[in-house]
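Enquirer: First, the structure itself, so that you have it in front of you.
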Amino acid sequence: MSTLNIVNKSPFEKRTLEQCLKRVGDGDSVLLIEDASICAVAGTAYQDQLNATAELTKLYVLQPDLDARGFTDAKLLEPVQCVDYTGFVELVAQHDRVHSWL
Amino acid sequence: MSTLNIVNKSPFEKRTLEQCLKRVGDGDSVLLIEDASICAVAGTAYQDQLNATAELTKLYVLQPDLDARGFTDAKLLEPVQCVDYTGFVELVAQHDRVHSWL
Amino acid sequence: MKFAVLVNEGPYQHQASDTAYQFVHAALQAGHDVMRVFFYHDGVNNGTRLTSPPQDDRHIQKRWSDLAAEHKLDLVLCVAACQRRGIVDEDEMKRNGKDADNIAEGFRISGLGQLIEAGIEADRLITFGD
Amino acid sequence: MKFAVLVNEGPYQHQASDTAYQFVHAALQAGHDVMRVFFYHDGVNNGTRLTSPPQDDRHIQKRWSDLAAEHKLDLVLCVAACQRRGIVDEDEMKRNGKDADNIAEGFRISGLGQLIEAGIEADRLITFGD
Amino acid sequence: MEEDEYAGGVIKKFLYVNRRQPHGTVYALESLETVLIGAAFDQDVSMLFIDDGVYQLKKEQSPDGIDMKNFSKTYRALEMYDVEKLFVERESLEERGLSAEDLLVDVEVIATADVKALVDEQDVVLSF
Amino acid sequence: MEEDEYAGGVIKKFLYVNRRQPHGTVYALESLETVLIGAAFDQDVSMLFIDDGVYQLKKEQSPDGIDMKNFSKTYRALEMYDVEKLFVERESLEERGLSAEDLLVDVEVIATADVKALVDEQDVVLSF
């Protein structure tokens, strides 16, 4: 009974990411898209929080959004996996439901 | 050379308030409107931060926004002054410039 | 698999409609069924034919209309949200005494029941918003 | 004192246009001059005459149009933002080959220069947005 | 016996997640409209109020001064539509200095740790 | 000698405050359009990039995959419009693991503590 959680806002701008992370757990996944994609990059203030989350939860980032923001060649957090739009569709199909944290 | 800073988002939702507060200082004012109005109420997680800010900076809240959200009779933070729309206009006239933190 | 998509923001201001479009496009490419795209809140602003974005920019409304034509997509604009925001088809024009309509090709205006129905009938409902 | 106001969000979705209206109304009541209200980004969506909000709700566009008529307010919609969002007057309709216009009474479409000019000429510029 | 107005006969579990204040944006009002319309479909509906969403249920809202509708009374009418499962997160109330007595309807107060289990039961999650 | 295309002859100090990422919302692009149009009025223009606004200046943006324009090159053209005062806040860069070398234009890096002084000099503050 797994949930794909989608976060689309920067954790520097909105609290959506932290609000999502404190309510997810074992078996859940979190996909970072749009302005949230930048926190998949290593070295931001959110790196420890995301690495800790990854012990229970799978982390994904939408590659085209990272590219758009200039992070194509950036070092990403170790547990984060990149997906394109096709991979996004597969994630939706693989999970039981989608929860968009708006 | 004082600035009227306007914050309109809840600090529970966006980081605008903290981002504003760390860049204002002596002689500035901060006006809480719309979804930011609720942090003028005593007892929220932001009360200490706002009370500390008030040592250098004047704090105002737009009363009609507090009323709309059910806090007409609530206890407010001691340093916060209430204004109506006419008071809002006066604040704009009294300061040298307005900075809306969007 | 059968998907339904909910779009809560208008074109250009937020990336939501762009991401929704790319998602729907990829889902169709992968052979999935997208049974409905429901536009709610400012999302209904995707459905006006009166936009003229810069030549070197994407044409968000046209992109949706073209995708709808190619894949028989059901693009539904919430009627209550349309009334608040001024998106009008011929019926709404007459009903509300307006002198023009502005709905784009491939979109239709209907009620919120279409969103609930999508939630019931689709295997997955995915929301894009602000 | 001479005020100018910038509105960055459309009607209903965010409170910005409401607060801007209440501010302008109060400024006029207090005897100040409001030399211009400039609508940018989704703010241009305030200027369509095609909305039909519920009877028991405020009519945001009409409220602006009425205030403009009463006080000779200059309500300016940014042309580039209008083109991206489908707000059209007769000139824009012809220029962009559209078959309808939707601009409301009391609004006019013009360039961003009008915003800069407002910033120069007004004593205070106040922004309302998301 | 419940009516089944939706011809399909399928009953799914719908969760409405409310995370925003009323009035500052239209989401709270338009989310409520969805719940009311959805009631005709006789699905298994729950509403969850977390983060700033708890303010939607605050007593004594009086939006006259901002010229908006007081739709908060509608939450009291949800019962008549058989929408009876309202969950509010305790930690969200506490951060805001609120308690269940400040709310205009009876709700079930749950902990942050219980939210995942509630979400895990659902077929459809709608978040505005 | 500077031209003075604005008939009024008044020169005011305008500060554009940029606090959002590019692409996720239109504000960065439309703010830039304002600056370019504003250049014709020969005002005293400064641009401040703080919080997520620093991402607007990130090198190597490539929004092809999201089908958007790469307007980041336009920041390099600002010099030609006599918009030369670009300020970036050090702490905003640091929180994001960025440094001035990651940016596509030369900027003046200032501290959080200096932002108030910059704002205090201005006649008009535009924030998108």
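Letters A, B, ... mark the chains of the structure tokens in the order given; residue numbers begin at 1 per chain; ligand numbers begin at 1, in order shown.
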Give me the least-squares superposed chain C (reference chain D; all C-alpha atoms paired in order) as a PDB file with C-alpha atoms, in the first residue's frame.
Expert:
ATOM      1  CA  MET C   1      -0.159  61.950  -1.384  1.00  0.00           C
ATOM      2  CA  LYS C   2       0.085  60.268  -4.786  1.00  0.00           C
ATOM      3  CA  PHE C   3      -0.080  56.453  -4.774  1.00  0.00           C
ATOM      4  CA  ALA C   4       0.432  53.851  -7.491  1.00  0.00           C
ATOM      5  CA  VAL C   5      -0.606  50.228  -7.016  1.00  0.00           C
ATOM      6  CA  LEU C   6       0.669  47.031  -8.641  1.00  0.00           C
ATOM      7  CA  VAL C   7      -1.574  43.932  -8.659  1.00  0.00           C
ATOM      8  CA  ASN C   8       0.147  40.641  -9.562  1.00  0.00           C
ATOM      9  CA  GLU C   9      -2.618  38.071  -9.072  1.00  0.00           C
ATOM     10  CA  GLY C  10      -5.964  37.343 -10.652  1.00  0.00           C
ATOM     11  CA  PRO C  11      -9.369  37.444  -8.971  1.00  0.00           C
ATOM     12  CA  TYR C  12     -10.614  34.825  -6.455  1.00  0.00           C
ATOM     13  CA  GLN C  13      -7.620  32.441  -6.441  1.00  0.00           C
ATOM     14  CA  HIS C  14      -5.581  34.698  -4.127  1.00  0.00           C
ATOM     15  CA  GLN C  15      -6.614  37.509  -1.818  1.00  0.00           C
ATOM     16  CA  ALA C  16      -4.204  39.962  -3.485  1.00  0.00           C
ATOM     17  CA  SER C  17      -6.750  41.682  -5.727  1.00  0.00           C
ATOM     18  CA  ASP C  18      -9.190  41.974  -2.803  1.00  0.00           C
ATOM     19  CA  THR C  19      -6.619  43.590  -0.545  1.00  0.00           C
ATOM     20  CA  ALA C  20      -5.494  45.918  -3.333  1.00  0.00           C
ATOM     21  CA  TYR C  21      -9.093  46.994  -3.886  1.00  0.00           C
ATOM     22  CA  GLN C  22      -9.690  47.676  -0.184  1.00  0.00           C
ATOM     23  CA  PHE C  23      -6.415  49.599  -0.018  1.00  0.00           C
ATOM     24  CA  VAL C  24      -7.234  51.771  -3.040  1.00  0.00           C
ATOM     25  CA  HIS C  25     -10.741  52.368  -1.753  1.00  0.00           C
ATOM     26  CA  ALA C  26      -9.425  53.468   1.650  1.00  0.00           C
ATOM     27  CA  ALA C  27      -6.750  55.681   0.075  1.00  0.00           C
ATOM     28  CA  LEU C  28      -9.344  57.482  -2.039  1.00  0.00           C
ATOM     29  CA  GLN C  29     -11.648  57.864   0.988  1.00  0.00           C
ATOM     30  CA  ALA C  30      -8.772  59.461   2.870  1.00  0.00           C
ATOM     31  CA  GLY C  31      -8.348  62.022   0.098  1.00  0.00           C
ATOM     32  CA  HIS C  32      -5.209  60.602  -1.472  1.00  0.00           C
ATOM     33  CA  ASP C  33      -4.629  60.463  -5.215  1.00  0.00           C
ATOM     34  CA  VAL C  34      -4.264  57.004  -6.805  1.00  0.00           C
ATOM     35  CA  MET C  35      -2.639  57.820 -10.119  1.00  0.00           C
ATOM     36  CA  ARG C  36      -2.645  54.289 -11.535  1.00  0.00           C
ATOM     37  CA  VAL C  37      -3.399  50.659 -10.767  1.00  0.00           C
ATOM     38  CA  PHE C  38      -1.163  48.452 -12.891  1.00  0.00           C
ATOM     39  CA  PHE C  39      -2.105  44.791 -13.364  1.00  0.00           C
ATOM     40  CA  TYR C  40       0.780  42.473 -14.167  1.00  0.00           C
ATOM     41  CA  HIS C  41       1.286  38.658 -14.354  1.00  0.00           C
ATOM     42  CA  ASP C  42      -2.024  36.860 -13.568  1.00  0.00           C
ATOM     43  CA  GLY C  43      -3.224  40.246 -12.318  1.00  0.00           C
ATOM     44  CA  VAL C  44      -4.451  40.980 -15.854  1.00  0.00           C
ATOM     45  CA  ASN C  45      -7.175  38.370 -15.300  1.00  0.00           C
ATOM     46  CA  ASN C  46      -8.976  40.963 -13.160  1.00  0.00           C
ATOM     47  CA  GLY C  47      -9.816  42.793 -16.366  1.00  0.00           C
ATOM     48  CA  THR C  48     -12.117  40.366 -18.193  1.00  0.00           C
ATOM     49  CA  ARG C  49     -15.813  41.233 -18.409  1.00  0.00           C
ATOM     50  CA  LEU C  50     -16.797  37.551 -18.885  1.00  0.00           C
ATOM     51  CA  THR C  51     -16.878  36.529 -15.200  1.00  0.00           C
ATOM     52  CA  SER C  52     -20.188  35.613 -13.515  1.00  0.00           C
ATOM     53  CA  PRO C  53     -19.339  34.959  -9.878  1.00  0.00           C
ATOM     54  CA  PRO C  54     -22.025  33.529  -7.555  1.00  0.00           C
ATOM     55  CA  GLN C  55     -24.735  36.053  -6.596  1.00  0.00           C
ATOM     56  CA  ASP C  56     -23.777  35.924  -2.912  1.00  0.00           C
ATOM     57  CA  ASP C  57     -20.084  36.576  -3.608  1.00  0.00           C
ATOM     58  CA  ARG C  58     -18.257  39.810  -4.418  1.00  0.00           C
ATOM     59  CA  HIS C  59     -17.888  40.694  -8.123  1.00  0.00           C
ATOM     60  CA  ILE C  60     -14.211  41.570  -8.257  1.00  0.00           C
ATOM     61  CA  GLN C  61     -14.059  42.889 -11.827  1.00  0.00           C
ATOM     62  CA  LYS C  62     -17.222  44.972 -11.437  1.00  0.00           C
ATOM     63  CA  ARG C  63     -15.941  46.413  -8.173  1.00  0.00           C
ATOM     64  CA  TRP C  64     -12.781  47.656  -9.942  1.00  0.00           C
ATOM     65  CA  SER C  65     -14.742  48.996 -12.918  1.00  0.00           C
ATOM     66  CA  ASP C  66     -17.178  50.840 -10.638  1.00  0.00           C
ATOM     67  CA  LEU C  67     -14.360  52.361  -8.598  1.00  0.00           C
ATOM     68  CA  ALA C  68     -12.655  53.465 -11.806  1.00  0.00           C
ATOM     69  CA  ALA C  69     -15.824  55.138 -13.053  1.00  0.00           C
ATOM     70  CA  GLU C  70     -16.425  56.925  -9.780  1.00  0.00           C
ATOM     71  CA  HIS C  71     -12.879  58.189  -9.273  1.00  0.00           C
ATOM     72  CA  LYS C  72     -11.499  58.313 -12.838  1.00  0.00           C
ATOM     73  CA  LEU C  73      -8.982  55.626 -11.838  1.00  0.00           C
ATOM     74  CA  ASP C  74      -6.461  54.572 -14.459  1.00  0.00           C
ATOM     75  CA  LEU C  75      -6.596  50.743 -14.573  1.00  0.00           C
ATOM     76  CA  VAL C  76      -3.824  49.440 -16.836  1.00  0.00           C
ATOM     77  CA  LEU C  77      -3.342  45.820 -17.920  1.00  0.00           C
ATOM     78  CA  CYS C  78       0.175  44.847 -19.057  1.00  0.00           C
ATOM     79  CA  VAL C  79       0.022  43.975 -22.750  1.00  0.00           C
ATOM     80  CA  ALA C  80       2.620  41.186 -22.659  1.00  0.00           C
ATOM     81  CA  ALA C  81       0.884  39.529 -19.698  1.00  0.00           C
ATOM     82  CA  CYS C  82      -2.481  39.908 -21.486  1.00  0.00           C
ATOM     83  CA  GLN C  83      -1.150  38.155 -24.563  1.00  0.00           C
ATOM     84  CA  ARG C  84       0.051  35.193 -22.519  1.00  0.00           C
ATOM     85  CA  ARG C  85      -3.283  34.951 -20.683  1.00  0.00           C
ATOM     86  CA  GLY C  86      -5.923  35.845 -23.230  1.00  0.00           C
ATOM     87  CA  ILE C  87      -7.113  39.303 -22.156  1.00  0.00           C
ATOM     88  CA  VAL C  88      -7.961  41.168 -25.343  1.00  0.00           C
ATOM     89  CA  ASP C  89      -9.289  44.590 -26.332  1.00  0.00           C
ATOM     90  CA  GLU C  90     -10.394  45.573 -29.820  1.00  0.00           C
ATOM     91  CA  ASP C  91      -6.893  46.581 -30.946  1.00  0.00           C
ATOM     92  CA  GLU C  92      -5.305  43.407 -29.617  1.00  0.00           C
ATOM     93  CA  MET C  93      -8.082  41.351 -31.189  1.00  0.00           C
ATOM     94  CA  LYS C  94      -7.264  42.759 -34.610  1.00  0.00           C
ATOM     95  CA  ARG C  95      -3.522  42.696 -34.160  1.00  0.00           C
ATOM     96  CA  ASN C  96      -3.430  39.043 -33.071  1.00  0.00           C
ATOM     97  CA  GLY C  97      -6.176  37.809 -35.372  1.00  0.00           C
ATOM     98  CA  LYS C  98      -8.587  36.864 -32.598  1.00  0.00           C
ATOM     99  CA  ASP C  99     -12.372  36.607 -33.057  1.00  0.00           C
ATOM    100  CA  ALA C 100     -13.483  38.119 -29.761  1.00  0.00           C
ATOM    101  CA  ASP C 101     -12.410  40.575 -27.087  1.00  0.00           C
ATOM    102  CA  ASN C 102     -13.099  40.340 -23.377  1.00  0.00           C
ATOM    103  CA  ILE C 103     -11.751  43.464 -21.712  1.00  0.00           C
ATOM    104  CA  ALA C 104     -13.944  45.009 -19.031  1.00  0.00           C
ATOM    105  CA  GLU C 105     -15.169  48.597 -18.755  1.00  0.00           C
ATOM    106  CA  GLY C 106     -12.657  50.988 -17.260  1.00  0.00           C
ATOM    107  CA  PHE C 107      -9.546  48.916 -18.016  1.00  0.00           C
ATOM    108  CA  ARG C 108      -7.014  49.627 -20.760  1.00  0.00           C
ATOM    109  CA  ILE C 109      -4.145  47.573 -22.142  1.00  0.00           C
ATOM    110  CA  SER C 110      -0.713  49.174 -22.349  1.00  0.00           C
ATOM    111  CA  GLY C 111       2.987  48.487 -21.925  1.00  0.00           C
ATOM    112  CA  LEU C 112       5.250  47.957 -18.954  1.00  0.00           C
ATOM    113  CA  GLY C 113       6.465  51.530 -19.372  1.00  0.00           C
ATOM    114  CA  GLN C 114       3.272  52.539 -17.591  1.00  0.00           C
ATOM    115  CA  LEU C 115       4.482  50.679 -14.503  1.00  0.00           C
ATOM    116  CA  ILE C 116       7.888  52.364 -14.544  1.00  0.00           C
ATOM    117  CA  GLU C 117       6.246  55.734 -15.119  1.00  0.00           C
ATOM    118  CA  ALA C 118       3.976  55.071 -12.130  1.00  0.00           C
ATOM    119  CA  GLY C 119       7.035  54.282 -10.027  1.00  0.00           C
ATOM    120  CA  ILE C 120       8.623  57.565 -11.068  1.00  0.00           C
ATOM    121  CA  GLU C 121       5.586  59.805 -10.702  1.00  0.00           C
ATOM    122  CA  ALA C 122       3.946  58.379  -7.595  1.00  0.00           C
ATOM    123  CA  ASP C 123       5.165  59.147  -4.088  1.00  0.00           C
ATOM    124  CA  ARG C 124       4.616  55.497  -3.129  1.00  0.00           C
ATOM    125  CA  LEU C 125       4.261  52.289  -5.143  1.00  0.00           C
ATOM    126  CA  ILE C 126       2.571  49.388  -3.321  1.00  0.00           C
ATOM    127  CA  THR C 127       2.593  45.813  -4.650  1.00  0.00           C
ATOM    128  CA  PHE C 128      -0.043  43.155  -3.968  1.00  0.00           C
ATOM    129  CA  GLY C 129       0.623  39.580  -5.024  1.00  0.00           C
ATOM    130  CA  ASP C 130       1.059  35.956  -4.058  1.00  0.00           C
TER     131      ASP C 130
END
Enquirer: Enumerate, as JSON, numbers by chain, the complete set of residues in chain D that a backbone-based DSSP assignment places in strand (DSSP E).
Expert: {"D": [2, 3, 4, 5, 6, 7, 33, 34, 35, 36, 37, 38, 39, 75, 76, 77, 78, 107, 108, 109, 110, 124, 125, 126, 127, 128]}
Enquirer: Store the residues picked out above in a file with C-alpha atoms, as a PDB file, in the first residue's frame.
Expert:
ATOM      1  CA  LYS D   2       0.102  60.257  -4.771  1.00  0.00           C
ATOM      2  CA  PHE D   3      -0.077  56.442  -4.758  1.00  0.00           C
ATOM      3  CA  ALA D   4       0.430  53.844  -7.474  1.00  0.00           C
ATOM      4  CA  VAL D   5      -0.594  50.222  -7.002  1.00  0.00           C
ATOM      5  CA  LEU D   6       0.670  47.035  -8.637  1.00  0.00           C
ATOM      6  CA  VAL D   7      -1.562  43.929  -8.655  1.00  0.00           C
ATOM      7  CA  ASP D  33      -4.613  60.465  -5.210  1.00  0.00           C
ATOM      8  CA  VAL D  34      -4.260  57.013  -6.797  1.00  0.00           C
ATOM      9  CA  MET D  35      -2.637  57.817 -10.120  1.00  0.00           C
ATOM     10  CA  ARG D  36      -2.642  54.293 -11.525  1.00  0.00           C
ATOM     11  CA  VAL D  37      -3.394  50.659 -10.757  1.00  0.00           C
ATOM     12  CA  PHE D  38      -1.166  48.455 -12.882  1.00  0.00           C
ATOM     13  CA  PHE D  39      -2.112  44.786 -13.363  1.00  0.00           C
ATOM     14  CA  LEU D  75      -6.596  50.743 -14.570  1.00  0.00           C
ATOM     15  CA  VAL D  76      -3.826  49.447 -16.847  1.00  0.00           C
ATOM     16  CA  LEU D  77      -3.338  45.822 -17.923  1.00  0.00           C
ATOM     17  CA  CYS D  78       0.177  44.842 -19.051  1.00  0.00           C
ATOM     18  CA  PHE D 107      -9.547  48.911 -18.018  1.00  0.00           C
ATOM     19  CA  ARG D 108      -7.020  49.636 -20.769  1.00  0.00           C
ATOM     20  CA  ILE D 109      -4.142  47.561 -22.145  1.00  0.00           C
ATOM     21  CA  SER D 110      -0.715  49.165 -22.362  1.00  0.00           C
ATOM     22  CA  ARG D 124       4.628  55.499  -3.137  1.00  0.00           C
ATOM     23  CA  LEU D 125       4.260  52.293  -5.129  1.00  0.00           C
ATOM     24  CA  ILE D 126       2.583  49.393  -3.306  1.00  0.00           C
ATOM     25  CA  THR D 127       2.594  45.819  -4.646  1.00  0.00           C
ATOM     26  CA  PHE D 128      -0.044  43.161  -3.959  1.00  0.00           C
TER      27      PHE D 128
END
Enquirer: Near chain A, which residues of chain F fall within 10 Å when you count only C-alpha atoms, and what do they look like as a PyMOL selection string?
Expert: chain F and resi 19-25+51-52+55-70+72+92-98+102
Enquirer: Using N, CA, C and O atoms, can you write the selected residues to a file as a compact mmCIF listing (two decimals), in the first residue's frame?
Expert:
# COMPACT_ATOMS: atom_id res chain seq x y z
N ARG F 19 13.46 36.95 -5.69
CA ARG F 19 13.51 35.94 -4.63
C ARG F 19 13.02 34.57 -5.08
O ARG F 19 12.83 33.69 -4.26
N ARG F 20 12.77 34.39 -6.38
CA ARG F 20 12.21 33.10 -6.82
C ARG F 20 13.09 32.43 -7.87
O ARG F 20 13.82 33.09 -8.59
N GLN F 21 12.91 31.15 -7.97
CA GLN F 21 13.61 30.40 -9.01
C GLN F 21 13.08 30.78 -10.38
O GLN F 21 11.93 31.21 -10.53
N PRO F 22 13.91 30.58 -11.40
CA PRO F 22 13.40 30.72 -12.76
C PRO F 22 12.54 29.48 -13.08
O PRO F 22 12.63 28.48 -12.38
N HIS F 23 11.70 29.57 -14.10
CA HIS F 23 10.96 28.42 -14.68
C HIS F 23 9.78 27.92 -13.85
O HIS F 23 8.72 27.65 -14.43
N GLY F 24 9.92 27.76 -12.54
CA GLY F 24 8.82 27.23 -11.74
C GLY F 24 7.62 28.18 -11.72
O GLY F 24 6.48 27.75 -11.62
N THR F 25 7.92 29.47 -11.78
CA THR F 25 6.89 30.49 -11.97
C THR F 25 7.40 31.49 -13.00
O THR F 25 8.59 31.51 -13.33
N ASP F 51 17.61 34.75 -1.46
CA ASP F 51 16.81 33.53 -1.33
C ASP F 51 16.88 32.76 -2.67
O ASP F 51 17.93 32.74 -3.30
N ASP F 52 15.77 32.14 -3.10
CA ASP F 52 15.86 31.35 -4.33
C ASP F 52 16.13 32.19 -5.57
O ASP F 52 16.40 31.64 -6.65
N TYR F 55 19.15 31.50 -7.89
CA TYR F 55 19.11 30.47 -8.95
C TYR F 55 18.85 31.08 -10.33
O TYR F 55 19.14 30.45 -11.34
N GLN F 56 18.29 32.28 -10.37
CA GLN F 56 18.04 32.91 -11.68
C GLN F 56 19.34 33.09 -12.45
O GLN F 56 19.35 33.09 -13.67
N LEU F 57 20.45 33.27 -11.71
CA LEU F 57 21.74 33.56 -12.34
C LEU F 57 22.62 32.32 -12.50
O LEU F 57 23.77 32.42 -12.92
N LYS F 58 22.09 31.15 -12.20
CA LYS F 58 22.88 29.92 -12.28
C LYS F 58 23.29 29.66 -13.73
O LYS F 58 22.48 29.78 -14.64
N LYS F 59 24.57 29.31 -13.90
CA LYS F 59 25.09 28.91 -15.22
C LYS F 59 24.40 27.65 -15.72
O LYS F 59 23.92 26.85 -14.93
N GLU F 60 24.49 27.44 -17.02
CA GLU F 60 24.15 26.15 -17.65
C GLU F 60 22.69 25.74 -17.54
O GLU F 60 22.36 24.55 -17.58
N GLN F 61 21.79 26.72 -17.42
CA GLN F 61 20.37 26.39 -17.44
C GLN F 61 20.01 25.84 -18.82
O GLN F 61 20.40 26.40 -19.84
N SER F 62 19.25 24.78 -18.83
CA SER F 62 18.89 24.22 -20.13
C SER F 62 17.46 23.68 -20.06
O SER F 62 17.20 22.51 -19.82
N PRO F 63 16.51 24.60 -20.27
CA PRO F 63 15.09 24.26 -20.11
C PRO F 63 14.45 23.62 -21.34
O PRO F 63 13.23 23.58 -21.42
N ASP F 64 15.24 23.11 -22.29
CA ASP F 64 14.67 22.43 -23.46
C ASP F 64 13.73 21.31 -23.04
O ASP F 64 12.66 21.13 -23.62
N GLY F 65 14.12 20.55 -22.04
CA GLY F 65 13.36 19.38 -21.63
C GLY F 65 12.01 19.71 -21.03
O GLY F 65 11.13 18.86 -20.95
N ILE F 66 11.84 20.95 -20.59
CA ILE F 66 10.52 21.37 -20.11
C ILE F 66 9.88 22.34 -21.10
O ILE F 66 8.89 23.01 -20.80
N ASP F 67 10.50 22.44 -22.28
CA ASP F 67 9.93 23.20 -23.40
C ASP F 67 9.78 24.69 -23.08
O ASP F 67 8.83 25.34 -23.50
N MET F 68 10.72 25.21 -22.29
CA MET F 68 10.67 26.64 -21.99
C MET F 68 11.88 27.35 -22.60
O MET F 68 12.86 26.71 -22.98
N LYS F 69 11.78 28.67 -22.66
CA LYS F 69 12.86 29.50 -23.18
C LYS F 69 14.01 29.57 -22.18
O LYS F 69 13.79 29.63 -20.98
N ASN F 70 15.22 29.62 -22.70
CA ASN F 70 16.37 29.88 -21.84
C ASN F 70 16.62 31.39 -21.79
O ASN F 70 17.44 31.92 -22.53
N SER F 72 17.98 32.94 -19.42
CA SER F 72 19.07 33.30 -18.50
C SER F 72 20.17 34.09 -19.22
O SER F 72 20.86 34.89 -18.60
N SER F 92 22.57 33.51 0.94
CA SER F 92 21.64 32.80 0.06
C SER F 92 22.40 31.81 -0.82
O SER F 92 21.93 30.68 -1.06
N LEU F 93 23.56 32.22 -1.33
CA LEU F 93 24.39 31.30 -2.12
C LEU F 93 24.83 30.11 -1.26
O LEU F 93 24.70 28.95 -1.67
N GLU F 94 25.32 30.41 -0.07
CA GLU F 94 25.91 29.37 0.78
C GLU F 94 24.90 28.28 1.17
O GLU F 94 25.20 27.09 1.08
N GLU F 95 23.72 28.70 1.57
CA GLU F 95 22.66 27.73 1.94
C GLU F 95 22.38 26.75 0.81
O GLU F 95 21.89 25.65 1.03
N ARG F 96 22.60 27.21 -0.40
CA ARG F 96 22.28 26.40 -1.59
C ARG F 96 23.50 25.69 -2.16
O ARG F 96 23.44 25.10 -3.24
N GLY F 97 24.60 25.76 -1.44
CA GLY F 97 25.82 25.11 -1.92
C GLY F 97 26.40 25.77 -3.16
O GLY F 97 27.09 25.13 -3.96
N LEU F 98 26.11 27.04 -3.37
CA LEU F 98 26.57 27.76 -4.57
C LEU F 98 27.61 28.81 -4.19
O LEU F 98 27.72 29.22 -3.03
N ASP F 102 29.45 29.97 -9.76
CA ASP F 102 28.35 29.26 -10.40
C ASP F 102 27.42 30.20 -11.18
O ASP F 102 26.49 29.73 -11.84
Enquirer: So, with only C-alpha atoms as the atoms that count, which of B:Leu17, B:Leu4, B:Ala40, B:Val30 lies closest to chain A?
Expert: B:Leu17
Enquirer: Could you tell me which residues of chain A sit within 6 Å of chain C when counting only C-alpha atoms, and give me the result as a ChimeraX atom specification?
Expert: /A:85-86,89,100,102
Enquirer: Would you mind exporting all heavy atoms of the selected residues as a PDB file, in the first residue's frame?
Expert:
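So part.pdb came out as:
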ATOM      1  N   TYR A  85      10.137  12.143 -17.781  1.00  0.00           N
ATOM      2  CA  TYR A  85       8.670  12.100 -17.688  1.00  0.00           C
ATOM      3  C   TYR A  85       8.139  10.675 -17.825  1.00  0.00           C
ATOM      4  O   TYR A  85       7.159  10.308 -17.178  1.00  0.00           O
ATOM      5  CB  TYR A  85       8.025  13.040 -18.720  1.00  0.00           C
ATOM      6  CG  TYR A  85       8.234  14.499 -18.388  1.00  0.00           C
ATOM      7  CD1 TYR A  85       9.118  15.287 -19.117  1.00  0.00           C
ATOM      8  CD2 TYR A  85       7.562  15.092 -17.324  1.00  0.00           C
ATOM      9  CE1 TYR A  85       9.328  16.631 -18.800  1.00  0.00           C
ATOM     10  CE2 TYR A  85       7.762  16.431 -16.993  1.00  0.00           C
ATOM     11  CZ  TYR A  85       8.648  17.194 -17.743  1.00  0.00           C
ATOM     12  OH  TYR A  85       8.857  18.507 -17.414  1.00  0.00           O
ATOM     13  N   THR A  86       8.803   9.862 -18.639  1.00  0.00           N
ATOM     14  CA  THR A  86       8.385   8.462 -18.770  1.00  0.00           C
ATOM     15  C   THR A  86       8.562   7.719 -17.448  1.00  0.00           C
ATOM     16  O   THR A  86       7.697   6.934 -17.036  1.00  0.00           O
ATOM     17  CB  THR A  86       9.199   7.770 -19.885  1.00  0.00           C
ATOM     18  OG1 THR A  86       9.056   8.545 -21.086  1.00  0.00           O
ATOM     19  CG2 THR A  86       8.717   6.361 -20.137  1.00  0.00           C
ATOM     20  N   VAL A  89       5.777   8.655 -15.102  1.00  0.00           N
ATOM     21  CA  VAL A  89       4.569   7.872 -15.389  1.00  0.00           C
ATOM     22  C   VAL A  89       4.683   6.466 -14.779  1.00  0.00           C
ATOM     23  O   VAL A  89       3.738   5.966 -14.160  1.00  0.00           O
ATOM     24  CB  VAL A  89       4.332   7.784 -16.916  1.00  0.00           C
ATOM     25  CG1 VAL A  89       3.210   6.800 -17.229  1.00  0.00           C
ATOM     26  CG2 VAL A  89       4.005   9.169 -17.487  1.00  0.00           C
ATOM     27  N   SER A 100      -0.167  14.613  -4.042  1.00  0.00           N
ATOM     28  CA  SER A 100       0.539  15.843  -4.414  1.00  0.00           C
ATOM     29  C   SER A 100       0.461  16.813  -3.249  1.00  0.00           C
ATOM     30  O   SER A 100      -0.633  17.204  -2.844  1.00  0.00           O
ATOM     31  CB  SER A 100      -0.107  16.482  -5.649  1.00  0.00           C
ATOM     32  OG  SER A 100       0.090  15.660  -6.770  1.00  0.00           O
ATOM     33  N   LEU A 102       0.452  20.140  -2.244  1.00  0.00           N
ATOM     34  CA  LEU A 102       0.345  21.469  -2.831  1.00  0.00           C
ATOM     35  C   LEU A 102       0.320  22.529  -1.742  1.00  0.00           C
ATOM     36  O   LEU A 102       0.176  22.226  -0.582  1.00  0.00           O
ATOM     37  CB  LEU A 102      -0.913  21.552  -3.687  1.00  0.00           C
ATOM     38  CG  LEU A 102      -0.950  20.537  -4.825  1.00  0.00           C
ATOM     39  CD1 LEU A 102      -2.215  20.711  -5.629  1.00  0.00           C
ATOM     40  CD2 LEU A 102       0.253  20.695  -5.740  1.00  0.00           C
TER      41      LEU A 102
END
